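File shown here: start.txt, holding compact mmCIF, C-alpha atoms and all ligand atoms.
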# COMPACT_ATOMS: atom_id res chain seq x y z
CA MET A 26 178.75 186.42 -38.78
CA LEU A 27 178.21 187.29 -35.12
CA LYS A 28 178.81 190.84 -33.88
CA ASN A 29 179.05 189.60 -30.29
CA ASP A 30 180.59 186.15 -29.98
CA LEU A 31 181.79 186.43 -26.35
CA LEU A 32 179.66 183.48 -25.25
CA LEU A 33 181.03 181.17 -27.95
CA ARG A 34 184.61 182.23 -27.31
CA ALA A 35 184.19 181.61 -23.58
CA ALA A 36 182.63 178.21 -24.30
CA ARG A 37 185.54 177.28 -26.57
CA GLY A 38 188.02 178.30 -23.87
CA GLU A 39 189.32 181.31 -25.84
CA TYR A 40 190.26 184.64 -24.28
CA THR A 41 187.38 187.04 -23.59
CA GLU A 42 187.90 190.70 -22.75
CA ARG A 43 184.99 190.46 -20.31
CA THR A 44 182.77 187.70 -18.96
CA PRO A 45 179.67 186.98 -21.09
CA VAL A 46 176.33 186.97 -19.28
CA TRP A 47 172.81 185.65 -19.85
CA LEU A 48 170.11 184.22 -17.55
CA MET A 49 168.26 180.94 -17.61
CA ARG A 50 164.54 181.79 -18.09
CA GLN A 51 165.43 185.32 -19.19
CA ALA A 52 162.46 185.30 -21.57
CA GLY A 53 159.29 185.25 -19.54
CA ARG A 54 157.37 186.80 -16.72
CA ILE A 55 160.10 189.14 -15.47
CA LEU A 56 159.60 191.26 -18.60
CA PRO A 57 156.46 193.44 -18.92
CA GLU A 58 156.59 193.08 -22.72
CA TYR A 59 156.35 189.27 -22.30
CA ARG A 60 153.39 189.54 -19.94
CA ALA A 61 151.63 191.91 -22.36
CA LEU A 62 152.03 189.57 -25.31
CA ARG A 63 151.16 186.48 -23.26
CA ALA A 64 147.92 188.10 -22.01
CA LYS A 65 146.64 188.36 -25.60
CA LEU A 66 147.09 184.64 -26.30
CA SER A 67 145.17 181.47 -25.49
CA GLY A 68 148.10 180.17 -23.46
CA PHE A 69 151.73 179.13 -23.28
CA LYS A 70 151.45 176.59 -26.08
CA GLU A 71 150.21 179.14 -28.60
CA LEU A 72 153.34 181.17 -27.90
CA VAL A 73 155.65 178.17 -28.21
CA GLU A 74 153.97 176.83 -31.35
CA THR A 75 153.78 180.11 -33.33
CA PRO A 76 157.30 180.71 -34.69
CA GLU A 77 156.94 184.50 -35.15
CA LEU A 78 155.71 184.91 -31.56
CA ALA A 79 158.34 182.56 -30.12
CA ALA A 80 160.99 184.55 -32.00
CA GLU A 81 159.61 187.83 -30.64
CA VAL A 82 159.83 186.75 -26.99
CA THR A 83 163.24 185.13 -27.60
CA ILE A 84 164.58 188.54 -28.64
CA GLN A 85 162.82 190.60 -25.93
CA PRO A 86 165.58 190.07 -23.30
CA VAL A 87 168.28 190.91 -25.84
CA ASP A 88 166.57 194.29 -26.39
CA ALA A 89 165.47 194.90 -22.81
CA LEU A 90 168.42 193.51 -20.83
CA ASP A 91 171.33 193.57 -23.29
CA VAL A 92 172.35 189.98 -22.53
CA ASP A 93 175.10 188.27 -24.53
CA ALA A 94 172.89 185.45 -25.83
CA ALA A 95 169.33 184.60 -26.76
CA ILE A 96 167.79 181.24 -25.84
CA ILE A 97 165.08 179.93 -28.12
CA PHE A 98 161.67 180.28 -26.46
CA SER A 99 160.33 176.75 -26.12
CA ASP A 100 160.10 174.11 -23.43
CA ILE A 101 161.79 170.80 -22.70
CA LEU A 102 158.33 169.17 -22.79
CA VAL A 103 157.94 169.53 -26.56
CA VAL A 104 160.03 166.35 -26.84
CA PRO A 105 157.60 163.98 -25.06
CA GLU A 106 154.80 165.56 -27.06
CA ALA A 107 156.66 164.86 -30.32
CA MET A 108 157.05 161.25 -29.15
CA GLY A 109 153.30 160.91 -28.66
CA LEU A 110 152.53 162.16 -25.15
CA THR A 111 150.76 165.54 -25.21
CA TYR A 112 151.18 168.03 -22.37
CA GLU A 113 149.01 170.85 -21.08
CA MET A 114 150.43 173.96 -19.45
CA LEU A 115 148.16 174.95 -16.58
CA GLU A 116 148.16 178.62 -15.63
CA ALA A 117 150.23 179.22 -12.50
CA ARG A 118 150.52 175.46 -11.90
CA GLY A 119 152.88 174.19 -14.57
CA PRO A 120 152.87 171.23 -16.93
CA LEU A 121 150.45 168.31 -16.84
CA PHE A 122 150.44 165.11 -18.93
CA PRO A 123 146.88 163.73 -19.00
CA GLU A 124 148.33 160.32 -19.91
CA THR A 125 151.53 158.94 -18.42
CA ILE A 126 153.92 156.06 -19.09
CA LYS A 127 153.26 153.01 -16.90
CA THR A 128 153.70 149.82 -18.92
CA ALA A 129 155.78 148.25 -21.69
CA HIS A 130 152.83 148.85 -23.99
CA ASP A 131 152.97 152.59 -23.22
CA VAL A 132 156.69 152.72 -24.01
CA ALA A 133 156.16 150.74 -27.24
CA ARG A 134 153.62 153.37 -28.34
CA MET A 135 156.17 156.18 -28.08
CA ARG A 136 157.82 157.01 -31.39
CA ILE A 137 161.33 158.28 -32.10
CA ALA A 138 160.22 161.67 -33.37
CA ASP A 139 161.21 163.18 -36.69
CA PRO A 140 162.39 166.75 -35.98
CA GLU A 141 160.98 168.38 -39.13
CA GLU A 142 157.68 166.54 -38.94
CA HIS A 143 156.97 166.71 -35.22
CA LEU A 144 159.03 169.68 -34.01
CA GLY A 145 159.08 171.80 -37.16
CA TYR A 146 157.58 174.76 -35.27
CA VAL A 147 160.68 174.99 -33.02
CA LEU A 148 163.03 174.73 -36.00
CA GLU A 149 161.07 177.43 -37.81
CA ALA A 150 161.18 179.62 -34.67
CA ILE A 151 164.98 179.22 -34.69
CA ARG A 152 165.17 180.25 -38.35
CA VAL A 153 162.93 183.30 -37.82
CA THR A 154 164.89 184.28 -34.69
CA LYS A 155 168.22 184.00 -36.48
CA ARG A 156 167.05 186.26 -39.28
CA ALA A 157 165.67 188.83 -36.82
CA LEU A 158 168.77 188.73 -34.59
CA ASN A 159 170.91 189.43 -37.62
CA GLY A 160 174.09 188.32 -35.82
CA ARG A 161 173.65 190.51 -32.70
CA VAL A 162 174.27 187.63 -30.26
CA PRO A 163 174.50 183.83 -30.45
CA LEU A 164 171.33 181.75 -30.19
CA ILE A 165 171.20 178.94 -27.62
CA GLY A 166 169.26 175.79 -28.52
CA PHE A 167 168.29 173.34 -25.79
CA ALA A 168 166.60 170.12 -24.73
CA GLY A 169 165.97 168.29 -21.48
CA ALA A 170 168.26 165.45 -20.50
CA PRO A 171 166.63 162.04 -21.07
CA TRP A 172 166.26 161.34 -17.34
CA THR A 173 164.44 164.64 -16.70
CA ILE A 174 162.12 163.97 -19.67
CA LEU A 175 161.40 160.43 -18.42
CA ALA A 176 160.62 161.90 -15.01
CA TYR A 177 157.82 164.05 -16.47
CA MET A 178 156.54 161.28 -18.78
CA VAL A 179 156.17 158.82 -15.91
CA GLU A 180 155.12 161.25 -13.16
CA GLY A 181 152.83 163.35 -15.34
CA HIS A 182 153.65 166.67 -13.66
CA GLY A 183 156.22 168.43 -11.51
CA SER A 184 156.86 166.83 -8.12
CA LYS A 185 159.18 167.24 -5.14
CA THR A 186 160.10 163.55 -5.09
CA PHE A 187 159.25 162.16 -8.57
CA SER A 188 158.67 158.93 -6.71
CA LYS A 189 156.72 157.27 -9.53
CA ALA A 190 159.59 157.91 -11.92
CA ARG A 191 162.22 156.83 -9.41
CA ARG A 192 160.17 153.75 -8.52
CA MET A 193 160.43 152.61 -12.15
CA LEU A 194 164.24 152.65 -11.90
CA TYR A 195 164.01 150.05 -9.10
CA THR A 196 161.03 147.99 -10.24
CA ASN A 197 161.50 147.96 -14.00
CA PRO A 198 164.98 149.21 -14.97
CA GLU A 199 164.80 147.56 -18.41
CA LEU A 200 161.64 149.47 -19.26
CA ALA A 201 163.25 152.70 -18.07
CA HIS A 202 166.23 152.06 -20.36
CA GLU A 203 163.93 151.29 -23.28
CA LEU A 204 162.22 154.66 -22.81
CA LEU A 205 165.52 156.48 -22.20
CA ARG A 206 166.92 155.07 -25.46
CA LYS A 207 163.93 156.41 -27.40
CA ILE A 208 164.14 159.81 -25.71
CA THR A 209 167.89 159.95 -26.42
CA ALA A 210 167.42 159.11 -30.12
CA THR A 211 164.71 161.76 -30.42
CA THR A 212 166.80 164.34 -28.56
CA ILE A 213 169.90 163.74 -30.69
CA ALA A 214 167.98 164.18 -33.97
CA TYR A 215 166.17 167.22 -32.54
CA LEU A 216 169.35 168.96 -31.34
CA GLN A 217 171.16 168.24 -34.61
CA ALA A 218 168.20 169.81 -36.42
CA GLN A 219 168.36 172.84 -34.09
CA VAL A 220 172.01 173.29 -35.05
CA ALA A 221 171.17 172.92 -38.75
CA ALA A 222 168.44 175.57 -38.29
CA GLY A 223 170.94 178.00 -36.76
CA ALA A 224 171.47 177.32 -33.04
CA ASN A 225 175.07 178.30 -32.17
CA ILE A 226 175.40 176.45 -28.86
CA ILE A 227 173.31 173.77 -27.14
CA GLN A 228 172.37 173.41 -23.48
CA VAL A 229 171.14 170.13 -22.00
CA PHE A 230 168.99 170.70 -18.89
CA ASP A 231 168.99 167.86 -16.36
CA SER A 232 166.74 169.72 -13.94
CA TRP A 233 165.95 166.64 -11.83
CA ALA A 234 169.48 165.22 -11.72
CA GLY A 235 169.80 165.93 -8.01
CA ILE A 236 167.04 163.55 -6.90
CA LEU A 237 168.95 160.44 -8.04
CA PRO A 238 171.61 158.67 -5.98
CA PRO A 239 175.02 158.64 -7.70
CA ASN A 240 174.80 155.01 -8.87
CA HIS A 241 171.40 155.59 -10.47
CA TYR A 242 172.59 158.85 -11.95
CA ARG A 243 175.40 157.02 -13.76
CA GLU A 244 173.14 154.20 -14.88
CA PHE A 245 170.05 156.18 -15.94
CA SER A 246 171.21 159.69 -16.75
CA SER A 247 174.82 160.65 -17.39
CA ARG A 248 175.53 157.93 -19.94
CA TYR A 249 172.68 159.22 -22.13
CA ILE A 250 173.94 162.80 -21.78
CA ALA A 251 177.36 161.54 -22.93
CA GLU A 252 175.72 160.05 -26.03
CA ILE A 253 174.07 163.38 -26.80
CA CYS A 254 177.38 165.24 -26.42
CA ASN A 255 179.11 162.75 -28.73
CA ALA A 256 176.44 163.28 -31.39
CA LEU A 257 177.07 167.05 -31.51
CA PRO A 258 180.78 167.29 -32.34
CA ASP A 259 180.64 170.59 -34.21
CA VAL A 260 178.89 172.79 -31.68
CA PRO A 261 179.69 173.71 -28.07
CA VAL A 262 177.47 171.88 -25.59
CA THR A 263 176.66 172.95 -22.01
CA VAL A 264 175.61 170.29 -19.51
CA PHE A 265 173.55 171.69 -16.63
CA ALA A 266 172.57 169.00 -14.14
CA LYS A 267 170.93 170.66 -11.18
CA GLY A 268 171.98 169.17 -7.86
CA ALA A 269 174.30 166.52 -9.31
CA TYR A 270 177.52 167.83 -7.72
CA PHE A 271 178.80 164.24 -7.59
CA ALA A 272 178.67 163.96 -11.40
CA ILE A 273 180.80 167.00 -12.25
CA PRO A 274 184.12 165.10 -12.46
CA GLU A 275 182.37 162.71 -14.88
CA PHE A 276 181.05 165.61 -17.02
CA ALA A 277 184.64 166.86 -17.21
CA THR A 278 185.42 163.78 -19.34
CA PHE A 279 182.48 164.37 -21.75
CA ASN A 280 182.56 165.93 -25.21
CA CYS A 281 181.03 169.11 -23.84
CA ARG A 282 182.62 172.54 -23.53
CA THR A 283 180.75 174.00 -20.57
CA ILE A 284 179.45 172.69 -17.26
CA GLY A 285 176.62 174.61 -15.59
CA LEU A 286 176.79 174.99 -11.81
CA ASP A 287 173.83 175.59 -9.53
CA TRP A 288 174.17 177.86 -6.51
CA ASN A 289 175.03 175.02 -4.11
CA GLU A 290 178.31 174.49 -5.88
CA ASP A 291 181.55 176.30 -5.10
CA PRO A 292 183.24 177.31 -8.38
CA ARG A 293 186.69 177.26 -6.74
CA ALA A 294 186.24 173.70 -5.50
CA VAL A 295 184.95 172.61 -8.92
CA ARG A 296 187.95 174.20 -10.65
CA ALA A 297 190.32 172.51 -8.23
CA ALA A 298 188.62 169.16 -8.89
CA ILE A 299 188.39 169.26 -12.69
CA GLY A 300 191.22 171.55 -13.87
CA ASP A 301 191.06 174.13 -16.67
CA GLU A 302 189.69 172.09 -19.58
CA LYS A 303 186.04 173.13 -19.29
CA THR A 304 184.26 176.46 -19.13
CA LEU A 305 181.95 176.91 -16.13
CA GLN A 306 178.55 178.61 -16.20
CA GLY A 307 176.60 180.05 -13.29
CA ASN A 308 175.87 180.34 -10.46
CA LEU A 309 174.36 183.23 -8.48
CA ASP A 310 171.47 182.19 -6.21
CA PRO A 311 168.30 183.48 -7.97
CA CYS A 312 167.17 184.77 -4.54
CA ALA A 313 170.18 187.10 -4.41
CA LEU A 314 168.23 189.23 -6.90
CA TYR A 315 165.64 190.01 -4.20
CA GLY A 316 168.19 192.16 -2.38
CA THR A 317 168.91 195.86 -2.71
CA ARG A 318 170.82 197.22 -5.69
CA GLU A 319 174.01 197.30 -3.62
CA GLN A 320 173.51 193.75 -2.37
CA VAL A 321 172.98 192.45 -5.91
CA GLN A 322 176.14 194.20 -7.03
CA GLN A 323 178.19 192.82 -4.12
CA ALA A 324 176.90 189.28 -4.63
CA THR A 325 177.67 189.46 -8.36
CA ILE A 326 181.23 190.72 -7.73
CA GLU A 327 181.74 187.92 -5.21
CA MET A 328 180.55 185.41 -7.83
CA LEU A 329 182.98 186.84 -10.42
CA ARG A 330 185.84 186.49 -7.93
CA ARG A 331 185.00 182.86 -7.28
CA PHE A 332 185.03 181.93 -10.96
CA GLY A 333 188.00 184.02 -12.03
CA PRO A 334 188.30 186.06 -15.22
CA GLN A 335 188.39 183.40 -17.96
CA ARG A 336 186.38 180.33 -18.91
CA HIS A 337 183.31 181.65 -17.15
CA ILE A 338 179.82 182.37 -18.50
CA ALA A 339 177.97 184.41 -15.87
CA ASN A 340 174.43 183.22 -15.10
CA LEU A 341 172.22 182.34 -12.18
CA GLY A 342 172.37 178.92 -10.56
CA HIS A 343 168.92 178.12 -12.01
CA GLY A 344 166.16 179.99 -13.83
CA VAL A 345 165.28 183.53 -12.74
CA TYR A 346 162.18 183.54 -10.53
CA PRO A 347 159.14 185.17 -12.19
CA ASP A 348 158.62 187.75 -9.41
CA THR A 349 162.16 189.13 -9.71
CA ASP A 350 162.43 192.87 -10.29
CA ALA A 351 163.75 193.40 -13.84
CA ASP A 352 165.82 196.36 -12.55
CA ASN A 353 167.80 194.01 -10.29
CA VAL A 354 168.33 191.68 -13.25
CA ARG A 355 169.84 194.65 -15.05
CA VAL A 356 172.11 195.38 -12.06
CA PHE A 357 173.36 191.76 -12.24
CA ILE A 358 174.08 192.05 -15.97
CA ASP A 359 175.64 195.52 -15.75
CA THR A 360 177.85 194.46 -12.84
CA VAL A 361 179.25 191.53 -14.84
CA LYS A 362 179.97 193.86 -17.75
CA GLU A 363 181.52 196.58 -15.61
CA PHE A 364 183.56 194.53 -13.14
CA SER A 365 184.68 191.44 -15.04
CA PRO A 366 187.23 193.40 -17.15
CA MET A 367 188.87 194.53 -13.87
CA ALA A 368 189.42 190.91 -12.93
CA ARG A 369 191.65 190.57 -16.01
CA GLU A 370 193.99 193.14 -14.52
CA GLY A 371 193.88 191.51 -11.10
CA ASN A 372 191.91 194.43 -9.65
CA LEU A 373 188.72 192.71 -8.59
O1 LIG A 401 153.06 180.65 -19.13
C1 LIG A 401 154.24 180.75 -18.80
O2 LIG A 401 154.86 181.78 -19.04
C2 LIG A 401 154.78 179.54 -18.08
C3 LIG A 401 156.17 179.60 -17.58
C4 LIG A 401 157.15 178.86 -18.51
C5 LIG A 401 158.11 179.43 -19.35
C6 LIG A 401 158.38 180.90 -19.55
C7 LIG A 401 157.24 177.45 -18.68
C8 LIG A 401 156.40 176.42 -18.04
N1 LIG A 401 158.24 177.18 -19.62
C9 LIG A 401 158.80 178.36 -20.04
C10 LIG A 401 159.84 178.50 -21.07
C11 LIG A 401 161.07 177.71 -20.93
N2 LIG A 401 161.19 176.46 -20.37
C12 LIG A 401 162.32 178.08 -21.43
C13 LIG A 401 162.46 179.34 -22.27
C14 LIG A 401 163.64 180.05 -22.56
C15 LIG A 401 164.27 180.87 -21.45
O3 LIG A 401 164.99 180.28 -20.62
O4 LIG A 401 164.12 182.10 -21.45
C16 LIG A 401 163.23 177.06 -21.09
C17 LIG A 401 164.72 176.99 -21.36
C18 LIG A 401 162.49 176.05 -20.43
C19 LIG A 401 163.06 174.77 -19.97
C20 LIG A 401 162.33 173.98 -18.94
N3 LIG A 401 160.99 173.72 -18.85
C21 LIG A 401 162.96 173.24 -17.91
C22 LIG A 401 164.44 173.14 -17.74
C23 LIG A 401 165.01 174.31 -17.04
C24 LIG A 401 164.69 174.43 -15.59
O5 LIG A 401 164.05 175.44 -15.22
O6 LIG A 401 165.06 173.53 -14.83
C25 LIG A 401 161.97 172.58 -17.17
C26 LIG A 401 162.15 171.68 -15.95
C27 LIG A 401 160.72 172.89 -17.77
C28 LIG A 401 159.38 172.40 -17.38
C29 LIG A 401 158.48 173.53 -17.04
N4 LIG A 401 157.89 174.34 -17.98
C30 LIG A 401 157.15 175.33 -17.36
C31 LIG A 401 157.28 175.12 -15.95
C32 LIG A 401 156.61 175.96 -14.89
C33 LIG A 401 158.14 174.02 -15.77
C34 LIG A 401 158.64 173.45 -14.45
C35 LIG A 401 157.61 172.64 -13.78
C36 LIG A 401 158.14 171.92 -12.56
O7 LIG A 401 158.50 172.58 -11.57
O8 LIG A 401 158.20 170.69 -12.59

Would you put the structure from the file into structure tokens?
Ligand code: 1CP
Amino acid sequence: MLKNDLLLRAARGEYTERTPVWLMRQAGRILPEYRALRAKLSGFKELVETPELAAEVTIQPVDALDVDAAIIFSDILVVPEAMGLTYEMLEARGPLFPETIKTAHDVARMRIADPEEHLGYVLEAIRVTKRALNGRVPLIGFAGAPWTILAYMVEGHGSKTFSKARRMLYTNPELAHELLRKITATTIAYLQAQVAAGANIIQVFDSWAGILPPNHYREFSSRYIAEICNALPDVPVTVFAKGAYFAIPEFATFNCRTIGLDWNEDPRAVRAAIGDEKTLQGNLDPCALYGTREQVQQATIEMLRRFGPQRHIANLGHGVYPDTDADNVRVFIDTVKEFSPMAREGNL
């Protein structure tokens, strides 16, 4: 039983006495205790692949920041690795796939992964985390959306344009679909296993949604996200598609509970467009946390006003930047907790 279930109640559209709050990328470099542990290890992968360590850093922000949820410490790139494409995490540079997907032969070599066999370390990290959390807050499980995973598998690393990946959608759409089907099957089994291991809510990250034109987004991304939502009927799902403002009315028809908004989106306009069915998550600009204490507080209050008092999960519009002052992160969290109850009385 959960002692704090605000996040789940908000996701289900139930009344909350205040707005729940957590931050994308809350576990990581902003916390000195993360940096200290990380410095003792061979690298990022050791942390992700050792369940006790992954559980420890998952819980650090719950202790240090008093957020209303933990998110399992892992990465979206464990999925391509489980399918047969290993990644490296280069210090200060990000992920790199030494081999990439180019041909039909490459796609044929990718397997539909078995969660226990190929991703057992994440499932074990979830089990260890759940025991250690002992019901303090819900645990968020996650995966990348199939399009974002394809983008890394074809491109091999982060990119501003992902032009190799987008080229495939024009030059070999059938091959792209073949790969997307395999990623989707792997992701569905993996997320169902995360739920069985104890994840209370699932977030699908489509980080590179915004680089596709709307017609390609419908053909190569959103339909696979819909399949994932349909395969998880018993758990609330959050769809966060960065930059895909044009797809939000479509997400409103999905079997998901929450839609994540990035900082380009206006919560009032989204509400007006989609009605009250879904909970919204977001969307303070991560750069707002570089301001003074007073500026962070004002920006957070303004965000609360734009979303209104119910059906909102407070968050940033994307992951917190690693050089953000943890004290300003605390101001953001404390402001949500202090001021969101006032909104219920119409005093914000
Ligand atoms: O050594 C380090 O500390 C490296 C930094 C780091 C961290 C802390 C990476 C490398 N991944 C993570 C953990 C991580 N990744 C989490 C942990 C839980 C939490 O949020 O606290 C999550 C949810 C992710 C998900 C993830 N990884 C996404 C989707 C979310 C988003 O930010 O859009 C993406 C795109 C990745 C790929 C990735 N992993 C790491 C980096 C630097 C990147 C982005 C590379 C790029 O810009 O293309």

Counting all atoms listed in the file, what is within 7 Å of Leu314 of chain A, bar same-chain residues fewer than 3 positions away, as a VMD selection string? chain A and resid 311 321 349 353 to 354

As JSON, numbers by chain, please: the residues near Pro198 of chain A (cut-off 12 Å, only C-alpha atoms, same-chain neighbours under 4 positions excluded). {"A": [128, 129, 190, 191, 192, 193, 194, 202, 203, 204, 205, 241, 244, 245]}

Neighbour list for Glu124 of chain A as a PDB file with C-alpha atoms, keeping the file's coordinate frame, cut-off 8 Å, only C-alpha atoms, skip fewer than 5 positions in-chain:
ATOM      1  CA  LEU A 110     152.530 162.160 -25.150  1.00  0.00           C
ATOM      2  CA  THR A 111     150.760 165.540 -25.210  1.00  0.00           C
ATOM      3  CA  GLY A 181     152.830 163.350 -15.340  1.00  0.00           C
TER       4      GLY A 181
END

Show me which residues line ligand LIG 401 (chain A), defined as having an atom within 6 Å of a ligand atom where all atoms listed in the file count, and present them as a PDB file with C-alpha atoms, in the frame of the given file.
ATOM      1  CA  MET A  49     168.260 180.940 -17.610  1.00  0.00           C
ATOM      2  CA  ARG A  50     164.540 181.790 -18.090  1.00  0.00           C
ATOM      3  CA  GLN A  51     165.430 185.320 -19.190  1.00  0.00           C
ATOM      4  CA  ALA A  52     162.460 185.300 -21.570  1.00  0.00           C
ATOM      5  CA  GLY A  53     159.290 185.250 -19.540  1.00  0.00           C
ATOM      6  CA  PHE A  69     151.730 179.130 -23.280  1.00  0.00           C
ATOM      7  CA  ILE A  96     167.790 181.240 -25.840  1.00  0.00           C
ATOM      8  CA  ILE A  97     165.080 179.930 -28.120  1.00  0.00           C
ATOM      9  CA  PHE A  98     161.670 180.280 -26.460  1.00  0.00           C
ATOM     10  CA  SER A  99     160.330 176.750 -26.120  1.00  0.00           C
ATOM     11  CA  ASP A 100     160.100 174.110 -23.430  1.00  0.00           C
ATOM     12  CA  ILE A 101     161.790 170.800 -22.700  1.00  0.00           C
ATOM     13  CA  GLY A 119     152.880 174.190 -14.570  1.00  0.00           C
ATOM     14  CA  PRO A 120     152.870 171.230 -16.930  1.00  0.00           C
ATOM     15  CA  GLY A 183     156.220 168.430 -11.510  1.00  0.00           C
ATOM     16  CA  PHE A 230     168.990 170.700 -18.890  1.00  0.00           C
ATOM     17  CA  SER A 232     166.740 169.720 -13.940  1.00  0.00           C
ATOM     18  CA  GLY A 344     166.160 179.990 -13.830  1.00  0.00           C
TER      19      GLY A 344
END

I'd like the neighbourhood of Leu216 of chain A as a CSV table (one decimal) with C-alpha atoms, in the frame of the given file, where a residue qualifies if any of its atoms comes within 9 Å (using only C-alpha atoms), though same-chain residues fewer than 3 positions away should be ignored.
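And here is the file that came out, result_32.csv:
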chain,number,residue,atom,x,y,z
A,140,PRO,CA,162.4,166.8,-36.0
A,166,GLY,CA,169.3,175.8,-28.5
A,167,PHE,CA,168.3,173.3,-25.8
A,168,ALA,CA,166.6,170.1,-24.7
A,211,THR,CA,164.7,161.8,-30.4
A,212,THR,CA,166.8,164.3,-28.6
A,213,ILE,CA,169.9,163.7,-30.7
A,219,GLN,CA,168.4,172.8,-34.1
A,220,VAL,CA,172.0,173.3,-35.0
A,221,ALA,CA,171.2,172.9,-38.8
A,224,ALA,CA,171.5,177.3,-33.0
A,227,ILE,CA,173.3,173.8,-27.1
A,253,ILE,CA,174.1,163.4,-26.8
A,257,LEU,CA,177.1,167.0,-31.5

Can you pull out every residue within 10 Å of Ala266 of chain A, counting only C-alpha atoms, but drop anything in the same chain fewer than 4 positions away, and send it as number ranges by chain? A: 169-170, 173, 229-235, 246-247, 250, 270, 272-273, 276, 284-287

When you draw a straight line from atom CA of Phe265 of chain A to atom CA of His343 of chain A, how long is it in Å? 9.2 Å

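For the atom pair formed by atom CA of Glu199 of chain A and atom CA of Glu252 of chain A, the distance is 18.3 Å, given to one decimal.
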
Proximity to Asp91 of chain A - best of A:Arg161, A:His182, A:Arg293, A:Arg63, all atoms listed in the file: A:Arg161

Counting only C-alpha atoms, which residue out of A:Leu102, A:Ile326, A:Val295, A:Leu27 sits closest to Pro171 of chain A? A:Leu102

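Atom CA of Glu74 of chain A lies 15.6 Å from atom CA of Tyr215 of chain A.
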
For Tyr249 of chain A, which of A:Thr209, A:Gln320, A:Gln228, A:Thr196 is the closest residue, counting all atoms listed in the file? A:Thr209

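The smallest atom-to-atom distance between Leu373 of chain A and any of A:Tyr242, A:Phe187, A:Phe357, A:Phe332, using all atoms listed in the file, is found for A:Phe332.
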
Would you kindly identify which residues have an atom no farther than 8 Å from (168.2, 189.7, -30.2), using only C-alpha atoms and the file's own coordinates, and write them out as a ChimeraX atom specification? /A:83-88,94-95,154,157-159,161-162

Would you write out those residues with C-alpha atoms, as a PDB file, in the coordinates of the input?
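The result, written out as selection14.pdb:
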ATOM      1  CA  THR A  83     163.240 185.130 -27.600  1.00  0.00           C
ATOM      2  CA  ILE A  84     164.580 188.540 -28.640  1.00  0.00           C
ATOM      3  CA  GLN A  85     162.820 190.600 -25.930  1.00  0.00           C
ATOM      4  CA  PRO A  86     165.580 190.070 -23.300  1.00  0.00           C
ATOM      5  CA  VAL A  87     168.280 190.910 -25.840  1.00  0.00           C
ATOM      6  CA  ASP A  88     166.570 194.290 -26.390  1.00  0.00           C
ATOM      7  CA  ALA A  94     172.890 185.450 -25.830  1.00  0.00           C
ATOM      8  CA  ALA A  95     169.330 184.600 -26.760  1.00  0.00           C
ATOM      9  CA  THR A 154     164.890 184.280 -34.690  1.00  0.00           C
ATOM     10  CA  ALA A 157     165.670 188.830 -36.820  1.00  0.00           C
ATOM     11  CA  LEU A 158     168.770 188.730 -34.590  1.00  0.00           C
ATOM     12  CA  ASN A 159     170.910 189.430 -37.620  1.00  0.00           C
ATOM     13  CA  ARG A 161     173.650 190.510 -32.700  1.00  0.00           C
ATOM     14  CA  VAL A 162     174.270 187.630 -30.260  1.00  0.00           C
TER      15      VAL A 162
END
